[in-house]
$ cat final-v5.cif   # mmCIF, C-alpha atoms
data_data
loop_
_atom_site.label_atom_id
_atom_site.label_comp_id
_atom_site.auth_asym_id
_atom_site.auth_seq_id
_atom_site.Cartn_x
_atom_site.Cartn_y
_atom_site.Cartn_z
CA MET A 14 -18.20 9.41 36.18
CA LEU A 15 -15.47 8.21 33.84
CA GLY A 16 -15.55 9.90 30.51
CA PRO A 17 -15.03 8.28 27.09
CA ARG A 18 -11.89 6.23 26.73
CA LEU A 19 -8.96 8.05 25.15
CA GLU A 20 -7.08 6.01 22.61
CA ARG A 21 -3.91 6.72 20.67
CA LEU A 22 -4.10 8.10 17.18
CA GLU A 23 -2.21 5.64 14.98
CA VAL A 24 -0.77 6.67 11.67
CA THR A 25 -0.52 3.66 9.43
CA ALA A 26 1.36 3.88 6.17
CA SER A 27 1.77 1.43 3.40
CA PRO A 28 5.19 -0.26 3.27
CA ARG A 29 7.70 1.74 1.27
CA GLY A 30 10.94 0.71 -0.34
CA ALA A 31 14.35 1.71 0.92
CA PHE A 32 14.87 4.42 -1.71
CA THR A 33 11.41 5.87 -1.10
CA ARG A 34 12.02 6.10 2.63
CA LEU A 35 15.46 7.60 1.96
CA PHE A 36 14.16 10.41 -0.23
CA ARG A 37 11.24 11.04 2.13
CA GLY A 38 13.61 11.35 5.09
CA GLU A 39 11.99 8.39 6.87
CA THR A 40 15.12 6.33 7.46
CA SER A 41 16.36 5.80 11.01
CA TYR A 42 20.06 5.03 10.68
CA ASP A 43 22.11 5.63 13.82
CA PHE A 44 24.87 7.94 12.60
CA ALA A 45 25.84 9.47 15.94
CA GLY A 46 25.69 6.19 17.83
CA ARG A 47 28.36 4.61 15.61
CA TRP A 48 30.84 7.45 16.05
CA LYS A 49 33.61 5.07 17.12
CA THR A 50 33.47 3.29 13.76
CA TRP A 51 33.58 6.52 11.74
CA PHE A 52 36.36 8.03 13.83
CA ALA A 53 38.40 4.82 13.59
CA ILE A 54 38.18 4.76 9.79
CA SER A 55 39.25 8.40 9.53
CA GLY A 56 41.97 7.87 12.14
CA VAL A 57 43.56 5.03 10.19
CA ILE A 58 43.60 7.03 6.94
CA ILE A 59 44.93 10.17 8.62
CA LEU A 60 47.64 8.24 10.50
CA ALA A 61 48.83 6.56 7.31
CA GLY A 62 48.84 9.94 5.57
CA LEU A 63 50.82 11.62 8.34
CA ILE A 64 53.42 8.86 8.26
CA SER A 65 53.73 9.23 4.49
CA LEU A 66 53.95 13.03 4.75
CA SER A 67 56.74 12.80 7.31
CA THR A 68 58.75 10.25 5.30
CA ARG A 69 57.97 10.84 1.60
CA GLY A 70 56.43 14.28 1.59
CA LEU A 71 54.46 15.67 -1.33
CA ASN A 72 55.38 15.43 -4.99
CA PHE A 73 55.52 19.13 -5.84
CA SER A 74 55.49 20.16 -9.46
CA ILE A 75 58.18 22.15 -11.17
CA ASP A 76 56.25 25.33 -10.36
CA PHE A 77 57.06 24.88 -6.66
CA LYS A 78 60.55 23.40 -6.86
CA GLY A 79 61.88 25.42 -9.78
CA GLY A 80 63.64 23.98 -12.80
CA THR A 81 63.47 23.83 -16.59
CA VAL A 82 60.65 22.80 -18.94
CA TRP A 83 61.08 21.68 -22.56
CA GLU A 84 58.24 21.38 -25.09
CA VAL A 85 58.67 20.02 -28.60
CA PRO A 86 56.08 18.84 -31.16
CA SER A 87 56.65 15.15 -31.77
CA SER A 88 54.82 11.87 -32.25
CA ALA A 89 57.27 9.97 -30.05
CA SER A 90 56.15 8.09 -26.97
CA VAL A 91 57.02 8.84 -23.36
CA SER A 92 59.50 5.96 -23.18
CA GLN A 93 61.32 7.16 -26.31
CA ALA A 94 61.58 10.70 -24.94
CA ARG A 95 62.86 9.42 -21.60
CA SER A 96 65.52 7.36 -23.35
CA VAL A 97 66.63 10.38 -25.38
CA VAL A 98 67.01 12.77 -22.43
CA ASP A 99 68.69 10.10 -20.30
CA SER A 100 71.24 9.42 -23.01
CA ALA A 101 71.83 13.16 -23.47
CA VAL A 102 72.42 13.80 -19.77
CA PRO A 103 72.79 10.84 -17.38
CA GLY A 104 70.27 11.06 -14.54
CA PHE A 105 67.62 12.86 -16.55
CA GLY A 106 65.48 9.73 -16.52
CA GLN A 107 63.96 11.12 -13.29
CA ALA A 108 62.45 14.02 -15.20
CA THR A 109 58.68 14.28 -15.56
CA ILE A 110 57.61 13.58 -19.15
CA GLU A 111 54.06 14.10 -20.44
CA VAL A 112 52.34 13.94 -23.81
CA LEU A 113 50.07 16.91 -24.54
CA THR A 114 47.50 16.52 -27.35
CA ASN A 115 45.68 19.36 -29.05
CA THR A 116 42.09 18.11 -29.50
CA GLN A 117 41.44 20.48 -32.43
CA THR A 118 44.55 19.77 -34.51
CA ASN A 119 45.47 16.39 -32.96
CA GLN A 120 49.05 17.64 -32.66
CA ARG A 121 51.13 15.90 -30.01
CA THR A 122 53.67 17.74 -27.87
CA ILE A 123 56.31 16.17 -25.64
CA LYS A 124 56.75 18.06 -22.34
CA VAL A 125 59.84 17.38 -20.23
CA ALA A 126 60.16 18.99 -16.77
CA ALA A 127 63.31 18.60 -14.68
CA PRO A 128 63.96 20.10 -11.23
CA ALA A 129 66.62 22.74 -10.65
CA LYS A 130 69.08 20.28 -9.09
CA LEU A 131 69.33 18.49 -12.46
CA THR A 132 69.48 21.65 -14.60
CA GLY A 133 72.02 23.68 -12.67
CA GLN A 134 74.39 23.91 -15.63
CA SER A 135 73.64 25.46 -19.01
CA THR A 136 75.54 22.68 -20.78
CA LYS A 137 73.00 20.09 -19.55
CA ILE A 138 70.11 22.24 -20.74
CA SER A 139 71.69 22.59 -24.20
CA ALA A 140 72.34 18.84 -24.41
CA VAL A 141 68.72 17.98 -23.63
CA THR A 142 67.50 20.58 -26.13
CA GLU A 143 69.63 19.11 -28.92
CA GLY A 144 68.53 15.56 -28.07
CA LEU A 145 64.81 16.47 -28.18
CA ALA A 146 65.27 18.37 -31.47
CA LYS A 147 66.99 15.36 -33.02
CA MET A 148 64.23 13.04 -31.80
CA ALA A 149 61.49 15.28 -33.27
CA HIS A 150 63.47 15.97 -36.47
CA VAL A 151 63.26 19.73 -35.97
CA SER A 152 65.73 22.49 -35.30
CA THR A 153 66.70 23.53 -31.80
CA ASN A 154 64.86 26.82 -32.31
CA GLU A 155 61.54 24.93 -32.40
CA VAL A 156 62.17 23.46 -28.95
CA GLN A 157 60.58 25.74 -26.35
CA VAL A 158 62.66 26.05 -23.17
CA ASP A 159 61.34 27.78 -20.03
CA ALA A 160 63.23 28.29 -16.77
CA ILE A 161 61.17 28.57 -13.58
CA GLY A 162 62.63 29.87 -10.35
CA PRO A 163 61.72 28.34 -6.97
CA SER A 164 60.69 31.70 -5.51
CA TRP A 165 57.46 31.75 -7.54
CA GLY A 166 56.32 28.43 -6.12
CA SER A 167 57.31 29.51 -2.63
CA ASP A 168 55.15 32.63 -2.94
CA ILE A 169 52.20 30.51 -4.05
CA SER A 170 52.65 28.17 -1.08
CA HIS A 171 52.76 31.00 1.45
CA LYS A 172 49.71 32.71 -0.03
CA ALA A 173 47.78 29.44 -0.07
CA ILE A 174 48.56 28.83 3.62
CA GLU A 175 47.49 32.38 4.48
CA ALA A 176 44.25 31.92 2.53
CA VAL A 177 43.45 28.71 4.40
CA ILE A 178 44.08 30.33 7.80
CA VAL A 179 41.92 33.36 6.98
CA PHE A 180 39.21 31.08 5.62
CA LEU A 181 39.13 28.97 8.79
CA VAL A 182 38.97 32.04 11.05
CA VAL A 183 36.13 33.64 9.08
CA VAL A 184 34.21 30.37 8.93
CA ALA A 185 34.57 29.78 12.66
CA GLY A 186 33.31 33.29 13.41
CA TYR A 187 30.32 32.96 11.12
CA ILE A 188 29.21 29.60 12.50
CA TRP A 189 29.74 30.85 16.07
CA LEU A 190 27.44 33.81 15.46
CA ARG A 191 24.91 32.01 13.24
CA PHE A 192 24.65 28.82 15.28
CA GLU A 193 26.79 28.27 18.39
CA GLY A 194 30.33 27.59 19.54
CA LYS A 195 30.18 23.80 19.60
CA MET A 196 28.90 23.73 16.01
CA ALA A 197 31.84 25.95 15.00
CA VAL A 198 34.26 23.54 16.67
CA ALA A 199 32.70 20.52 14.93
CA ALA A 200 32.80 22.29 11.54
CA LEU A 201 36.47 23.25 11.96
CA VAL A 202 37.38 19.69 12.93
CA ALA A 203 35.61 18.45 9.77
CA LEU A 204 37.58 20.94 7.64
CA VAL A 205 40.90 19.92 9.20
CA HIS A 206 39.87 16.31 8.62
CA ASP A 207 39.39 17.04 4.90
CA ILE A 208 42.77 18.79 4.71
CA LEU A 209 44.60 15.87 6.32
CA ILE A 210 42.76 13.25 4.26
CA THR A 211 43.47 15.03 0.97
CA GLY A 212 47.11 15.70 1.79
CA GLY A 213 47.63 12.13 3.00
CA ILE A 214 46.12 10.60 -0.14
CA TYR A 215 48.31 12.81 -2.34
CA SER A 216 51.40 11.75 -0.41
CA LEU A 217 50.50 8.04 -0.44
CA SER A 218 49.64 7.97 -4.14
CA GLY A 219 52.42 10.27 -5.32
CA PHE A 220 50.06 12.58 -7.20
CA GLU A 221 51.76 15.76 -8.34
CA VAL A 222 50.89 18.92 -6.45
CA SER A 223 50.59 21.83 -8.87
CA PRO A 224 49.03 25.31 -8.68
CA ASP A 225 45.84 23.76 -10.06
CA THR A 226 45.82 21.43 -7.08
CA VAL A 227 45.99 24.38 -4.69
CA ILE A 228 43.03 26.06 -6.40
CA ALA A 229 41.01 22.86 -6.27
CA PHE A 230 41.99 22.38 -2.65
CA LEU A 231 40.59 25.77 -1.67
CA THR A 232 37.42 24.97 -3.62
CA ILE A 233 36.71 21.73 -1.77
CA LEU A 234 36.94 23.48 1.60
CA GLY A 235 33.99 25.64 0.65
CA TYR A 236 32.01 22.64 -0.54
CA SER A 237 32.67 20.67 2.64
CA LEU A 238 31.56 23.63 4.73
CA TYR A 239 28.35 24.03 2.72
CA ASP A 240 27.29 20.44 3.32
CA THR A 241 28.05 20.73 7.04
CA ILE A 242 26.02 23.94 7.36
CA VAL A 243 23.00 22.25 5.75
CA VAL A 244 23.12 19.49 8.35
CA PHE A 245 23.63 21.90 11.27
CA ASP A 246 20.73 24.06 10.16
CA ARG A 247 18.37 21.08 10.30
CA VAL A 248 19.78 20.06 13.69
CA GLN A 249 19.10 23.55 15.05
CA GLU A 250 15.57 23.50 13.65
CA ASN A 251 14.78 20.15 15.24
CA THR A 252 16.38 21.24 18.51
CA ARG A 253 13.95 24.14 18.75
CA GLY A 254 11.05 21.82 17.93
CA LEU A 255 11.17 18.19 18.99
CA ALA A 256 14.12 18.39 21.37
CA SER A 257 12.52 21.28 23.27
CA THR A 258 9.90 18.83 24.59
CA ASN A 259 12.67 17.05 26.56
CA ARG A 260 11.56 13.69 25.09
CA LEU A 261 14.46 13.32 22.64
CA THR A 262 18.14 13.24 23.51
CA TYR A 263 20.46 15.45 21.52
CA THR A 264 21.93 12.36 19.87
CA ASP A 265 18.45 11.32 18.76
CA THR A 266 17.87 14.80 17.38
CA VAL A 267 21.12 14.66 15.39
CA ASN A 268 20.20 11.23 14.02
CA LEU A 269 16.75 12.46 13.03
CA SER A 270 18.23 15.51 11.30
CA MET A 271 20.83 13.46 9.47
CA ASN A 272 18.23 11.03 8.15
CA GLN A 273 16.07 13.95 7.01
CA VAL A 274 18.85 15.59 4.96
CA LEU A 275 20.66 12.38 3.94
CA ALA A 276 19.05 12.28 0.49
CA ARG A 277 19.94 15.92 -0.09
CA SER A 278 23.56 15.37 0.94
CA LEU A 279 23.90 12.31 -1.26
CA ASN A 280 22.31 14.04 -4.25
CA THR A 281 24.51 17.11 -3.83
CA SER A 282 27.63 14.99 -3.58
CA LEU A 283 26.75 12.86 -6.61
CA VAL A 284 25.87 15.89 -8.72
CA ALA A 285 29.25 17.42 -7.87
CA ILE A 286 31.34 14.24 -8.19
CA LEU A 287 29.90 12.96 -11.49
CA PRO A 288 31.20 15.90 -13.59
CA ILE A 289 34.61 15.59 -11.93
CA THR A 290 34.65 11.88 -12.78
CA SER A 291 33.85 12.69 -16.39
CA ILE A 292 36.73 15.19 -16.46
CA LEU A 293 39.13 12.52 -15.23
CA ILE A 294 37.90 9.68 -17.45
CA ILE A 295 36.95 11.49 -20.65
CA GLY A 296 39.13 14.58 -20.48
CA ALA A 297 42.37 13.27 -18.97
CA TRP A 298 42.45 9.58 -19.91
CA ILE A 299 40.52 9.38 -23.20
CA LEU A 300 41.19 12.77 -24.79
CA GLY A 301 44.63 13.13 -23.22
CA ALA A 302 44.04 16.52 -21.59
CA THR A 303 46.52 15.87 -18.79
CA GLY A 304 46.28 19.47 -17.62
CA LEU A 305 42.86 18.63 -16.17
CA GLN A 306 44.14 15.59 -14.32
CA THR A 307 45.72 17.36 -11.34
CA PHE A 308 42.75 19.69 -10.95
CA GLY A 309 40.22 16.87 -11.27
CA LEU A 310 42.03 14.56 -8.86
CA ALA A 311 42.10 17.20 -6.14
CA LEU A 312 38.40 17.93 -6.59
CA PHE A 313 37.45 14.25 -6.61
CA VAL A 314 39.38 13.43 -3.44
CA GLY A 315 38.25 16.58 -1.67
CA LEU A 316 34.56 16.30 -2.56
CA THR A 317 34.45 12.66 -1.46
CA SER A 318 36.19 13.48 1.81
CA GLY A 319 33.93 16.51 2.37
CA ALA A 320 30.76 14.49 1.90
CA TYR A 321 32.09 11.86 4.33
CA SER A 322 33.12 14.38 6.99
CA SER A 323 29.83 16.30 6.98
CA ILE A 324 27.86 13.09 7.59
CA PHE A 325 30.16 10.90 9.67
CA ILE A 326 32.49 13.35 11.44
CA ALA A 327 30.89 16.75 12.07
CA SER A 328 27.45 15.56 13.20
CA PRO A 329 28.57 12.75 15.58
CA LEU A 330 31.19 15.08 17.06
CA LEU A 331 28.52 17.73 17.64
CA ALA A 332 26.35 15.16 19.43
CA LEU A 333 29.25 14.16 21.68
CA LEU A 334 29.97 17.79 22.60
CA LYS A 335 26.33 18.69 23.27
CA GLU A 336 25.62 15.59 25.35
CA ARG A 337 28.10 16.94 27.92
CA GLU A 338 25.91 19.95 28.62
CA PRO A 339 23.93 19.64 31.88
CA ARG A 340 20.55 20.01 30.19
CA TYR A 341 21.01 17.23 27.65
CA ALA A 342 22.85 15.04 30.13
CA GLU A 343 19.85 15.29 32.46
CA ILE A 344 17.43 14.47 29.63
CA ARG A 345 19.44 11.37 28.75
CA ARG A 346 19.64 10.28 32.38
CA ARG A 347 15.91 10.75 32.88
CA LEU A 348 14.96 8.92 29.68
CA GLN A 349 17.25 6.02 30.54
CA SER A 350 15.76 5.67 34.02
CA ILE A 351 12.06 5.61 33.09
CA SER A 352 9.97 2.51 33.70
CA PRO A 353 9.29 0.00 30.90
CA ALA A 354 5.62 1.04 30.83
CA SER A 355 6.57 4.68 30.26
CA ALA A 356 9.34 3.79 27.83
CA ALA A 357 6.74 2.94 25.20
CA ARG A 358 5.65 6.59 25.22
CA ARG A 359 9.13 7.85 24.42
CA LEU A 360 9.40 9.56 21.06
CA THR A 361 12.06 7.87 18.94
CA PRO A 362 13.79 9.21 15.82
CA ALA A 363 12.17 6.46 13.75
CA ALA A 364 8.70 7.38 14.99
CA ALA A 365 9.32 11.09 14.43
CA ALA A 366 10.62 10.43 10.91
CA THR A 367 7.68 8.30 9.79
CA GLY A 368 5.03 10.24 11.69
CA ALA A 369 3.90 7.12 13.53
CA VAL A 370 2.68 7.34 17.12
CA ALA A 371 4.29 4.93 19.51
CA SER A 372 2.35 5.47 22.75
CA PRO A 373 0.15 3.00 24.62
CA VAL A 374 -3.59 3.39 25.10
CA ALA A 375 -4.19 6.01 27.74
CA GLU A 376 -6.23 5.36 30.84
CA PRO A 377 -9.82 6.69 31.09
CA VAL A 378 -10.11 10.13 32.60
CA SER A 379 -12.97 11.90 34.34
CA VAL A 380 -14.77 14.55 32.40
CA GLY A 381 -17.33 17.08 33.38
CA ALA A 382 -20.90 17.41 32.19
CA ASP A 383 -20.00 20.02 29.65
CA ALA A 384 -16.95 18.30 28.21
CA ARG A 385 -17.05 18.29 24.43
CA SER A 386 -13.87 16.56 23.24
CA SER A 387 -10.64 15.55 24.87
CA SER A 388 -7.33 16.12 23.20
CA SER A 389 -4.03 16.08 25.00
CA ARG A 390 -0.37 15.62 24.40
CA THR A 391 1.13 12.68 26.22
CA GLY A 392 4.84 12.24 25.75
CA GLY A 393 4.75 14.61 22.84
CA LEU A 394 2.11 12.45 21.08
CA GLU A 395 -1.44 13.46 20.34
CA LEU A 396 -4.35 11.70 22.06
CA ARG A 397 -7.87 12.32 20.81
CA ASP A 398 -11.33 11.49 22.02
CA GLN A 399 -12.70 8.57 20.05
CA THR A 400 -16.39 9.41 20.74
CA GLU A 401 -18.79 9.81 17.87
CA PRO A 402 -18.79 13.28 16.37
CA ASP A 403 -22.59 13.60 16.39
CA GLY A 404 -23.43 12.93 20.00
CA GLY A 405 -21.00 10.50 21.63
CA ASP A 406 -21.89 7.12 23.04
CA ASP A 407 -25.45 8.22 23.86
CA ALA A 408 -26.25 8.72 20.17
CA ARG A 409 -25.42 5.15 19.15
CA PRO A 410 -28.49 3.08 18.19
CA THR A 411 -29.78 0.62 20.80
CA PRO A 412 -32.35 -2.16 20.52
CA ALA A 413 -34.94 -0.53 22.77
CA THR A 414 -35.51 3.19 23.01
CA SER A 415 -38.23 5.32 24.45
CA PRO A 416 -39.99 7.29 21.66
CA THR A 417 -40.98 10.06 24.00
CA SER A 418 -39.35 11.96 26.75
CA SER A 419 -39.68 10.47 30.20
CA ALA A 420 -40.82 12.29 33.25
CA ALA A 421 -37.28 12.58 34.44
CA GLY A 422 -36.37 14.54 31.36
CA THR A 423 -34.70 11.77 29.33
CA PRO A 424 -34.60 12.85 25.66
CA ALA A 425 -36.31 10.88 22.95
CA GLY A 426 -34.25 8.12 21.37
CA VAL A 427 -32.41 7.31 24.62
CA PRO A 428 -33.19 4.18 26.67
CA ALA A 429 -35.37 4.97 29.64
CA PRO A 430 -33.73 4.32 33.02
CA ALA A 431 -34.93 1.48 35.17
CA PRO A 432 -37.45 2.37 37.89
CA GLY A 433 -35.72 3.70 40.96
CA ALA A 434 -32.36 4.12 39.21
CA SER A 435 -30.56 7.41 39.40
CA ILE A 436 -29.83 9.25 36.21
CA PRO A 437 -26.08 9.65 35.67
CA PRO A 438 -24.71 13.04 34.78
CA ARG A 439 -24.55 13.82 31.13
CA SER A 440 -21.25 13.31 29.32
CA GLY A 441 -19.84 13.21 25.86
CA ASN A 442 -20.65 15.81 23.26
CA ARG A 443 -24.27 16.43 24.30
CA PRO A 444 -25.02 19.93 25.54
CA PRO A 445 -26.01 20.44 29.19
CA PRO A 446 -29.73 20.85 30.04
CA ARG A 447 -31.23 24.30 29.98
CA PRO A 448 -31.57 25.98 33.36
CA ARG A 449 -35.14 26.48 34.54
CA LYS A 450 -36.50 29.98 34.54
CA LYS A 451 -37.07 31.45 37.93
CA GLY A 452 -40.53 32.74 38.73
CA ARG A 453 -43.78 32.14 40.50
CA ARG A 454 -45.58 28.96 39.62
CA ARG A 455 -49.22 29.39 38.72
#
$ encode --input "final-v5.cif" --output "C-alpha cells"
Amino acid sequence: MLGPRLERLEVTASPRGAFTRLFRGETSYDFAGRWKTWFAISGVIILAGLISLSTRGLNFSIDFKGGTVWEVPSSASVSQARSVVDSAVPGFGQATIEVLTNTQTNQRTIKVAAPAKLTGQSTKISAVTEGLAKMAHVSTNEVQVDAIGPSWGSDISHKAIEAVIVFLVVVAGYIWLRFEGKMAVAALVALVHDILITGGIYSLSGFEVSPDTVIAFLTILGYSLYDTIVVFDRVQENTRGLASTNRLTYTDTVNLSMNQVLARSLNTSLVAILPITSILIIGAWILGATGLQTFGLALFVGLTSGAYSSIFIASPLLALLKEREPRYAEIRRRLQSISPASAARRLTPAAAATGAVASPVAEPVSVGADARSSSSRTGGLELRDQTEPDGGDDARPTPATSPTSSAAGTPAGVPAPAPGASIPPRSGNRPPPRPRKKGRRR
C-alpha cells in the first residue's frame, strides 16, 4: 500500500528590496566565479604601480633623505616663499614649501624643506635664512633652522621593513593554526596585494612618504587582515555545515559566506573610511592641518585596498586553491554530471541564503501500518508528510459514513467497505488495532 504523498516544504517570503536582502545576507552575488575580473583589475593597478616604482620611485620626505628645514612665522603665500628662496639660492625652487596654520591662534608659519644635496654648503643655508627673515620682516634669530641627517630616515626604513616581515610571519602562523594552510596563503596574498597597491598609488600620484605614512601603512595591514579573518571564519563555519553534505561545491560555499558577511564588511569599511575622509577634507584642506594629510592619505588608500582585497582577492583565491583538493573536485564533478531531474534538488547558494527549498515533489513511498509521520532529508532539503495532524486521510469528512462499527471492525465515522471487498491495511496517523486476548472462548 502506498502511503501518503510526500510533498516539498516551500518557504515563501514576501519580496524584499535590495538593501533589505543585503543586510539580511540573502544576496546571491557570484564573487568567486568572477575571479578573472577581480584579478585583472588588481593586476593592471599593480603593474602600473611597479612600473612607476621602478622608474620614478617614491617621494620620500626630508626625514628619509636628510636635509634642512626652515620655519618662519609669516602671512606670505607659497608662491612668494618659493620666489624668495629661489632668488636667494638658484635651484631652491625644488624645495618643499608648506603653510602651517595654528587653529587656536590663526598664526601662519612658512615651512621650507630642502634635501641634503641642495644644502651641502653652510653659505646656502645662511642665504635662505636671510631671505626668509626679510620676507617675514623678522630677524634671522626668529627663523628656526633644523638639520636632519639621512641616517635617521634609513633606520626608520629598516625597522619598518623588519616589522612588516615579522608581522607577515606571525599572521601566517596564526591563520595556519587557527584555520588551515590554504587560508594562510590566501590571506598573505591579500596583504601583499595591499602593500603593492598602496605603494603603487603613492608612486603614481607623487604623494610624500613620511614617518606618518609608515605608521599608517602598518595600521592598514592589521585592518585588512581583520576583514579577511571575518570572511574566512564564516567560510569555515559553512564548510562544516552545508558543505559537509556534499551538495555544495567549495566555490558555492565561499559565495554563500561572502554574501552573508557582505553587509558587515561594507559597514566596517564605511565606518573606518568616513572618519579618514573627514580628516582629509576638514582637517587638511579646510583647516589647513597639513600634518594630517600624509597620515590620512595612507589610511584612506590602505583601508580601501584592504576592503577590496578581503572581498575580491582573498576569498576567490581560497576557492581556487580548495577546488584543487580531491574531495571538492569530486563533489564538483559529481554535481556537474547529475541528470536534469536531479539537478533541481541541488542546493544552491541563493536557496541556502533565502531559506527557500528548491526540490521537486517527491514520489510516494510505502509505509507500514504503524507509520505515524514521514520526514526525510532529500538533497539536504526537508520533506514532510502532508497528512492531517488529527488522523490522516481517513479522518477527512466524506458524504456517506457508517454511524456504527461494522462487523469487520471498521470504526465509526469511516465509510463501510463494499460487500466482498477486502479491507486495506491501516495507514496514516491512526494507531494499529489492539491485539486480541488469548484465552478459551465460552
$ atom_distance --input "final-v5.cif" --atom1 "CA of Arg347 in chain A" --atom2 "CA of Trp51 in chain A"
27.9 Å
$ atom_distance --input "final-v5.cif" --atom1 "CA of Gly219 in chain A" --atom2 "CA of Ala129 in chain A"
19.6 Å
$ resolve_selection --input "final-v5.cif" --expression "the PyMOL selection byres ((chain A and resi 142) around 8)" --output "list in words"
Trp83, Ile138, Ser139, Ala140, Val141, Glu143, Gly144, Leu145, Ala146, Thr153, Val156 and Val158 of chain A
$ atom_distance --input "final-v5.cif" --atom1 "CA of Thr109 in chain A" --atom2 "CA of Val125 in chain A"
5.7 Å
$ residues_around --input "final-v5.cif" --residues "range 242-252 of chain A" --least-positions-apart "5" --cutoff "7 Å" --atoms "only C-alpha atoms" --output "list in words"
Ser257, Thr266, Val267, Ser270, Met271 and Val274 of chain A
$ closest_atom_pairs --input "final-v5.cif" --of "range 181-208 of chain A" --to "range 60-76 of chain A" --cutoff "12 Å" --atoms "all atoms listed in the file" --output "CSV"
residue,atom,partner,partner_atom,distance
A:His206,CA,A:Leu60,CA,11.4
A:Asp207,CA,A:Gly62,CA,11.8
A:Ile208,CA,A:Gly62,CA,10.8
$ closest_residue --input "final-v5.cif" --among "A:Ala320, A:Leu305, A:Ala126, A:Ile214" --to "Leu234 in chain A" --atoms "all atoms listed in the file"
A:Ala320
$ closest_atom_pairs --input "final-v5.cif" --of "range 51-127 of chain A" --to "range 159-180 of chain A" --cutoff "6 Å" --atoms "all atoms listed in the file" --output "Markdown table"
| residue | atom | partner | partner_atom | distance |
| --- | --- | --- | --- | --- |
| A:Asp76 | CA | A:Gly166 | CA | 5.3 |
| A:Phe77 | CA | A:Gly166 | CA | 3.7 |
| A:Lys78 | CA | A:Pro163 | CA | 5.1 |
| A:Gly79 | CA | A:Pro163 | CA | 4.1 |
| A:Gly80 | CA | A:Ile161 | CA | 5.3 |
| A:Thr81 | CA | A:Ala160 | CA | 4.5 |
| A:Val82 | CA | A:Asp159 | CA | 5.1 |
$ write_last_selection --input "final-v5.cif" --atoms "C-alpha atoms" --output "mmCIF file, keeping the file's coordinate frame"
data_model
loop_
_atom_site.group_PDB
_atom_site.id
_atom_site.type_symbol
_atom_site.label_atom_id
_atom_site.label_comp_id
_atom_site.auth_asym_id
_atom_site.auth_seq_id
_atom_site.Cartn_x
_atom_site.Cartn_y
_atom_site.Cartn_z
ATOM 1 C CA ASP A 76 56.250 25.330 -10.360
ATOM 2 C CA PHE A 77 57.060 24.880 -6.660
ATOM 3 C CA LYS A 78 60.550 23.400 -6.860
ATOM 4 C CA GLY A 79 61.880 25.420 -9.780
ATOM 5 C CA GLY A 80 63.640 23.980 -12.800
ATOM 6 C CA THR A 81 63.470 23.830 -16.590
ATOM 7 C CA VAL A 82 60.650 22.800 -18.940
#
$ resolve_selection --input "final-v5.cif" --expression "the PyMOL selection byres ((chain A and resi 278) around 12)" --output "PyMOL selection string"
chain A and resi 35-36+38+236-237+239-244+270-277+279-285+316-317+319-325
$ residues_around --input "final-v5.cif" --residues "Leu330 in chain A" --least-positions-apart "4" --cutoff "8 Å" --atoms "all atoms listed in the file" --output "ChimeraX atom specification"
/A:45,48,199,326,334
$ closest_residue --input "final-v5.cif" --among "A:Ala127, A:Ile54, A:Val183, A:Ala203" --to "Phe105 in chain A" --atoms "all atoms listed in the file"
A:Ala127
$ closest_residue --input "final-v5.cif" --among "A:Thr264, A:Ala149, A:Gln349, A:Leu293" --to "Phe44 in chain A" --atoms "all atoms listed in the file"
A:Thr264
$ closest_residue --input "final-v5.cif" --among "A:Pro224, A:Gly213, A:Gly104, A:Gly46" --to "Leu331 in chain A" --atoms "all atoms listed in the file"
A:Gly46
$ resolve_selection --input "final-v5.cif" --expression "the PyMOL selection byres ((chain A and resi 85) around 6)" --output "number ranges by chain"
A: 84, 86, 122-123, 156
